[in-house]
Amino acid sequence: MVTSLANLLRVADIAEIEQLIRTALPGSEVSVQDMAGGDHLYAHVRAPQFSGLPLIEQHRMVNSAVDHLLGPGRPIHALKIKTEAAG
């Protein structure tokens, strides 16, 4: 019997991901939602660290907080990000 690889992967823990982003960006407001099946996520992050930074840098900061969970064979297959500067 063949088992799909998708069935073997660990599903992303939303609370863990939110905490990882909050830890990387102290003072941030973070909301992560499952968009499909537990591995396609949407993160809305509002952080003072984003002030004056280009959008691409803001997204890099969020991605770096969860980089070890992103990619093939890992809990997050896709992460859609919306960022805002707080303050």
# chains A, B, ... in the order shown; residues from 1 in each chain; ligands from 1

call {"tool": "residues_around", "arguments": {"residues": "range 65-82 of chain A", "least_positions_apart": "2", "cutoff": "10 Å", "atoms": "only C-alpha atoms", "output": "PyMOL selection string"}}
result
chain A and resi 5-6+8-13+16-25+31-36+38-46+55+58-63+84

call {"tool": "write_last_selection", "arguments": {"atoms": "N, CA and C atoms", "output": "short mmCIF file (atom, residue, chain, number, x, y, z; two decimals), in the first residue's frame"}}
result
data_model
loop_
_atom_site.label_atom_id
_atom_site.label_comp_id
_atom_site.auth_asym_id
_atom_site.auth_seq_id
_atom_site.Cartn_x
_atom_site.Cartn_y
_atom_site.Cartn_z
N LEU A 5 2.83 11.18 0.52
CA LEU A 5 3.79 11.91 1.34
C LEU A 5 3.10 13.01 2.13
N ALA A 6 2.08 13.62 1.56
CA ALA A 6 1.35 14.69 2.24
C ALA A 6 0.74 14.18 3.55
N LEU A 8 2.06 12.08 5.54
CA LEU A 8 3.12 11.80 6.51
C LEU A 8 3.67 13.07 7.15
N LEU A 9 3.41 14.20 6.55
CA LEU A 9 3.98 15.46 7.03
C LEU A 9 3.26 15.97 8.27
N ARG A 10 4.03 16.60 9.13
CA ARG A 10 3.46 17.23 10.32
C ARG A 10 2.72 18.48 9.87
N VAL A 11 1.54 18.69 10.44
CA VAL A 11 0.74 19.88 10.14
C VAL A 11 1.28 21.04 10.97
N ALA A 12 1.28 22.21 10.39
CA ALA A 12 1.77 23.40 11.07
C ALA A 12 0.92 23.71 12.30
N ASP A 13 1.58 24.10 13.37
CA ASP A 13 0.92 24.50 14.61
C ASP A 13 0.79 26.02 14.59
N GLU A 16 2.22 27.98 17.53
CA GLU A 16 3.68 27.95 17.53
C GLU A 16 4.23 28.97 16.52
N ILE A 17 3.61 29.02 15.35
CA ILE A 17 4.07 29.95 14.31
C ILE A 17 3.86 31.40 14.76
N GLU A 18 2.70 31.69 15.33
CA GLU A 18 2.45 33.04 15.85
C GLU A 18 3.50 33.41 16.90
N GLN A 19 3.82 32.48 17.78
CA GLN A 19 4.80 32.76 18.84
C GLN A 19 6.20 32.97 18.26
N LEU A 20 6.57 32.20 17.27
CA LEU A 20 7.88 32.37 16.63
C LEU A 20 8.01 33.76 16.03
N ILE A 21 6.95 34.22 15.37
CA ILE A 21 6.97 35.56 14.76
C ILE A 21 7.00 36.64 15.84
N ARG A 22 6.20 36.48 16.88
CA ARG A 22 6.19 37.46 17.99
C ARG A 22 7.56 37.54 18.67
N THR A 23 8.22 36.41 18.81
CA THR A 23 9.55 36.38 19.44
C THR A 23 10.58 37.09 18.56
N ALA A 24 10.49 36.87 17.25
CA ALA A 24 11.42 37.51 16.31
C ALA A 24 11.16 39.00 16.17
N LEU A 25 9.90 39.41 16.40
CA LEU A 25 9.51 40.81 16.24
C LEU A 25 8.80 41.27 17.51
N SER A 31 -1.36 37.46 13.56
CA SER A 31 -2.50 36.59 13.36
C SER A 31 -2.16 35.65 12.21
N VAL A 32 -2.25 34.35 12.45
CA VAL A 32 -1.98 33.35 11.41
C VAL A 32 -3.24 32.52 11.23
N GLN A 33 -3.61 32.31 9.97
CA GLN A 33 -4.81 31.53 9.65
C GLN A 33 -4.46 30.43 8.67
N ASP A 34 -5.15 29.31 8.80
CA ASP A 34 -5.01 28.19 7.87
C ASP A 34 -5.86 28.50 6.64
N MET A 35 -5.23 28.50 5.47
CA MET A 35 -5.96 28.78 4.23
C MET A 35 -6.42 27.49 3.55
N ALA A 36 -5.72 26.39 3.80
CA ALA A 36 -6.08 25.13 3.13
C ALA A 36 -5.24 23.98 3.66
N GLY A 38 -3.90 22.98 6.39
CA GLY A 38 -2.91 23.06 7.44
C GLY A 38 -1.51 23.41 7.00
N ASP A 39 -1.24 23.40 5.69
CA ASP A 39 0.12 23.74 5.24
C ASP A 39 0.17 24.98 4.35
N HIS A 40 -0.98 25.59 4.07
CA HIS A 40 -1.06 26.85 3.34
C HIS A 40 -1.61 27.88 4.33
N LEU A 41 -0.75 28.81 4.72
CA LEU A 41 -1.10 29.73 5.80
C LEU A 41 -1.07 31.18 5.33
N TYR A 42 -1.79 32.01 6.09
CA TYR A 42 -1.83 33.46 5.88
C TYR A 42 -1.42 34.10 7.20
N ALA A 43 -0.41 34.96 7.15
CA ALA A 43 0.04 35.66 8.34
C ALA A 43 -0.14 37.16 8.15
N HIS A 44 -0.81 37.79 9.11
CA HIS A 44 -0.97 39.24 9.14
C HIS A 44 -0.13 39.72 10.33
N VAL A 45 0.89 40.52 10.04
CA VAL A 45 1.83 40.95 11.07
C VAL A 45 1.95 42.46 11.07
N ARG A 46 1.72 43.03 12.24
CA ARG A 46 1.87 44.47 12.44
C ARG A 46 2.99 44.65 13.46
N LEU A 55 8.61 46.73 1.61
CA LEU A 55 7.76 45.55 1.80
C LEU A 55 8.57 44.25 1.75
N GLN A 58 10.27 43.61 5.00
CA GLN A 58 9.29 43.23 6.02
C GLN A 58 8.96 41.74 5.89
N HIS A 59 8.73 41.29 4.67
CA HIS A 59 8.38 39.90 4.43
C HIS A 59 9.56 38.98 4.76
N ARG A 60 10.77 39.43 4.46
CA ARG A 60 11.95 38.63 4.80
C ARG A 60 12.07 38.44 6.31
N MET A 61 11.73 39.47 7.06
CA MET A 61 11.79 39.37 8.53
C MET A 61 10.80 38.33 9.05
N VAL A 62 9.61 38.30 8.47
CA VAL A 62 8.61 37.31 8.88
C VAL A 62 9.06 35.92 8.45
N ASN A 63 9.49 35.78 7.21
CA ASN A 63 9.94 34.48 6.71
C ASN A 63 11.10 33.93 7.53
N GLU A 84 2.31 45.35 8.20
CA GLU A 84 2.02 46.76 8.44
C GLU A 84 3.00 47.27 9.50
#

call {"tool": "select_by_dssp", "arguments": {"residues": "chain A", "states": "strand (DSSP E)", "output": "list in words"}}
result
Glu29, Val30, Ser31, Val32, Gln33, Asp34, Met35, Ala36, His40, Leu41, Tyr42, Ala43, His44, Val45, Arg46, Ala47, Ala78, Leu79, Lys80, Ile81, Lys82, Thr83, Glu84 and Ala85 of chain A

call {"tool": "write_last_selection", "arguments": {"atoms": "N, CA and C atoms", "output": "JSON list (two decimals), in the first residue's frame"}}
result
[["chain", "number", "residue", "atom", "x", "y", "z"],
["A", 29, "GLU", "N", 1.95, 42.46, 16.57],
["A", 29, "GLU", "CA", 0.62, 41.85, 16.61],
["A", 29, "GLU", "C", 0.60, 40.84, 15.47],
["A", 30, "VAL", "N", 0.32, 39.60, 15.78],
["A", 30, "VAL", "CA", 0.41, 38.52, 14.79],
["A", 30, "VAL", "C", -0.87, 37.71, 14.76],
["A", 31, "SER", "N", -1.36, 37.46, 13.56],
["A", 31, "SER", "CA", -2.50, 36.59, 13.36],
["A", 31, "SER", "C", -2.16, 35.65, 12.21],
["A", 32, "VAL", "N", -2.25, 34.35, 12.45],
["A", 32, "VAL", "CA", -1.98, 33.35, 11.41],
["A", 32, "VAL", "C", -3.24, 32.52, 11.23],
["A", 33, "GLN", "N", -3.61, 32.31, 9.97],
["A", 33, "GLN", "CA", -4.81, 31.53, 9.65],
["A", 33, "GLN", "C", -4.46, 30.43, 8.67],
["A", 34, "ASP", "N", -5.15, 29.31, 8.80],
["A", 34, "ASP", "CA", -5.01, 28.19, 7.87],
["A", 34, "ASP", "C", -5.86, 28.50, 6.64],
["A", 35, "MET", "N", -5.23, 28.50, 5.47],
["A", 35, "MET", "CA", -5.96, 28.78, 4.23],
["A", 35, "MET", "C", -6.42, 27.49, 3.55],
["A", 36, "ALA", "N", -5.72, 26.39, 3.80],
["A", 36, "ALA", "CA", -6.08, 25.13, 3.13],
["A", 36, "ALA", "C", -5.24, 23.98, 3.66],
["A", 40, "HIS", "N", -0.98, 25.59, 4.07],
["A", 40, "HIS", "CA", -1.06, 26.85, 3.34],
["A", 40, "HIS", "C", -1.61, 27.88, 4.33],
["A", 41, "LEU", "N", -0.75, 28.81, 4.72],
["A", 41, "LEU", "CA", -1.10, 29.73, 5.80],
["A", 41, "LEU", "C", -1.07, 31.18, 5.33],
["A", 42, "TYR", "N", -1.79, 32.01, 6.09],
["A", 42, "TYR", "CA", -1.83, 33.46, 5.88],
["A", 42, "TYR", "C", -1.42, 34.10, 7.20],
["A", 43, "ALA", "N", -0.41, 34.96, 7.15],
["A", 43, "ALA", "CA", 0.04, 35.66, 8.34],
["A", 43, "ALA", "C", -0.14, 37.16, 8.15],
["A", 44, "HIS", "N", -0.81, 37.79, 9.11],
["A", 44, "HIS", "CA", -0.97, 39.24, 9.14],
["A", 44, "HIS", "C", -0.13, 39.72, 10.33],
["A", 45, "VAL", "N", 0.89, 40.52, 10.04],
["A", 45, "VAL", "CA", 1.83, 40.95, 11.07],
["A", 45, "VAL", "C", 1.95, 42.46, 11.07],
["A", 46, "ARG", "N", 1.72, 43.03, 12.24],
["A", 46, "ARG", "CA", 1.87, 44.47, 12.44],
["A", 46, "ARG", "C", 2.99, 44.65, 13.46],
["A", 47, "ALA", "N", 4.08, 45.34, 13.06],
["A", 47, "ALA", "CA", 5.24, 45.43, 13.94],
["A", 47, "ALA", "C", 5.94, 46.78, 13.81],
["A", 78, "ALA", "N", 3.16, 26.86, 1.97],
["A", 78, "ALA", "CA", 3.02, 28.20, 1.43],
["A", 78, "ALA", "C", 2.63, 29.15, 2.57],
["A", 79, "LEU", "N", 3.22, 30.33, 2.55],
["A", 79, "LEU", "CA", 2.92, 31.34, 3.57],
["A", 79, "LEU", "C", 2.66, 32.67, 2.87],
["A", 80, "LYS", "N", 1.41, 33.09, 2.88],
["A", 80, "LYS", "CA", 1.02, 34.40, 2.36],
["A", 80, "LYS", "C", 1.16, 35.39, 3.50],
["A", 81, "ILE", "N", 1.78, 36.54, 3.22],
["A", 81, "ILE", "CA", 2.10, 37.49, 4.29],
["A", 81, "ILE", "C", 1.54, 38.87, 3.97],
["A", 82, "LYS", "N", 0.92, 39.49, 4.97],
["A", 82, "LYS", "CA", 0.53, 40.90, 4.91],
["A", 82, "LYS", "C", 1.22, 41.57, 6.10],
["A", 83, "THR", "N", 1.94, 42.65, 5.84],
["A", 83, "THR", "CA", 2.65, 43.34, 6.91],
["A", 83, "THR", "C", 2.21, 44.80, 6.98],
["A", 84, "GLU", "N", 2.31, 45.35, 8.20],
["A", 84, "GLU", "CA", 2.02, 46.76, 8.44],
["A", 84, "GLU", "C", 3.00, 47.27, 9.50],
["A", 85, "ALA", "N", 3.40, 48.52, 9.36],
["A", 85, "ALA", "CA", 4.22, 49.15, 10.41],
["A", 85, "ALA", "C", 3.30, 49.63, 11.52]]

call {"tool": "select_by_dssp", "arguments": {"residues": "chain A", "states": "helix (DSSP H, G or I)", "output": "PyMOL selection string"}}
result
chain A and resi 5-8+14-24+48-50+55-69

call {"tool": "decode", "arguments": {"residues": "range 28-42 of chain A", "atoms": "N, CA and C atoms", "output": "PDB file, in the first residue's frame"}}
result
ATOM      1  N   SER A  28       5.103  42.959  18.300  1.00  0.00           N
ATOM      2  CA  SER A  28       4.269  42.784  17.109  1.00  0.00           C
ATOM      3  C   SER A  28       2.896  42.211  17.459  1.00  0.00           C
ATOM      4  N   GLU A  29       1.946  42.463  16.569  1.00  0.00           N
ATOM      5  CA  GLU A  29       0.623  41.847  16.615  1.00  0.00           C
ATOM      6  C   GLU A  29       0.597  40.841  15.466  1.00  0.00           C
ATOM      7  N   VAL A  30       0.317  39.599  15.782  1.00  0.00           N
ATOM      8  CA  VAL A  30       0.411  38.525  14.791  1.00  0.00           C
ATOM      9  C   VAL A  30      -0.871  37.707  14.763  1.00  0.00           C
ATOM     10  N   SER A  31      -1.359  37.462  13.560  1.00  0.00           N
ATOM     11  CA  SER A  31      -2.503  36.586  13.360  1.00  0.00           C
ATOM     12  C   SER A  31      -2.161  35.646  12.211  1.00  0.00           C
ATOM     13  N   VAL A  32      -2.245  34.348  12.454  1.00  0.00           N
ATOM     14  CA  VAL A  32      -1.979  33.353  11.410  1.00  0.00           C
ATOM     15  C   VAL A  32      -3.238  32.523  11.230  1.00  0.00           C
ATOM     16  N   GLN A  33      -3.614  32.311   9.971  1.00  0.00           N
ATOM     17  CA  GLN A  33      -4.807  31.532   9.650  1.00  0.00           C
ATOM     18  C   GLN A  33      -4.455  30.425   8.666  1.00  0.00           C
ATOM     19  N   ASP A  34      -5.148  29.309   8.799  1.00  0.00           N
ATOM     20  CA  ASP A  34      -5.011  28.191   7.871  1.00  0.00           C
ATOM     21  C   ASP A  34      -5.863  28.497   6.640  1.00  0.00           C
ATOM     22  N   MET A  35      -5.229  28.504   5.473  1.00  0.00           N
ATOM     23  CA  MET A  35      -5.959  28.777   4.235  1.00  0.00           C
ATOM     24  C   MET A  35      -6.424  27.491   3.552  1.00  0.00           C
ATOM     25  N   ALA A  36      -5.715  26.388   3.795  1.00  0.00           N
ATOM     26  CA  ALA A  36      -6.081  25.132   3.131  1.00  0.00           C
ATOM     27  C   ALA A  36      -5.242  23.983   3.664  1.00  0.00           C
ATOM     28  N   GLY A  37      -5.864  23.062   4.335  1.00  0.00           N
ATOM     29  CA  GLY A  37      -5.217  21.817   4.708  1.00  0.00           C
ATOM     30  C   GLY A  37      -4.127  21.859   5.755  1.00  0.00           C
ATOM     31  N   GLY A  38      -3.904  22.983   6.387  1.00  0.00           N
ATOM     32  CA  GLY A  38      -2.910  23.058   7.443  1.00  0.00           C
ATOM     33  C   GLY A  38      -1.510  23.410   7.003  1.00  0.00           C
ATOM     34  N   ASP A  39      -1.238  23.405   5.689  1.00  0.00           N
ATOM     35  CA  ASP A  39       0.116  23.736   5.236  1.00  0.00           C
ATOM     36  C   ASP A  39       0.167  24.980   4.347  1.00  0.00           C
ATOM     37  N   HIS A  40      -0.980  25.586   4.074  1.00  0.00           N
ATOM     38  CA  HIS A  40      -1.061  26.853   3.343  1.00  0.00           C
ATOM     39  C   HIS A  40      -1.606  27.884   4.328  1.00  0.00           C
ATOM     40  N   LEU A  41      -0.748  28.808   4.721  1.00  0.00           N
ATOM     41  CA  LEU A  41      -1.101  29.733   5.797  1.00  0.00           C
ATOM     42  C   LEU A  41      -1.072  31.183   5.335  1.00  0.00           C
ATOM     43  N   TYR A  42      -1.793  32.011   6.087  1.00  0.00           N
ATOM     44  CA  TYR A  42      -1.831  33.456   5.883  1.00  0.00           C
ATOM     45  C   TYR A  42      -1.422  34.104   7.199  1.00  0.00           C
TER      46      TYR A  42
END
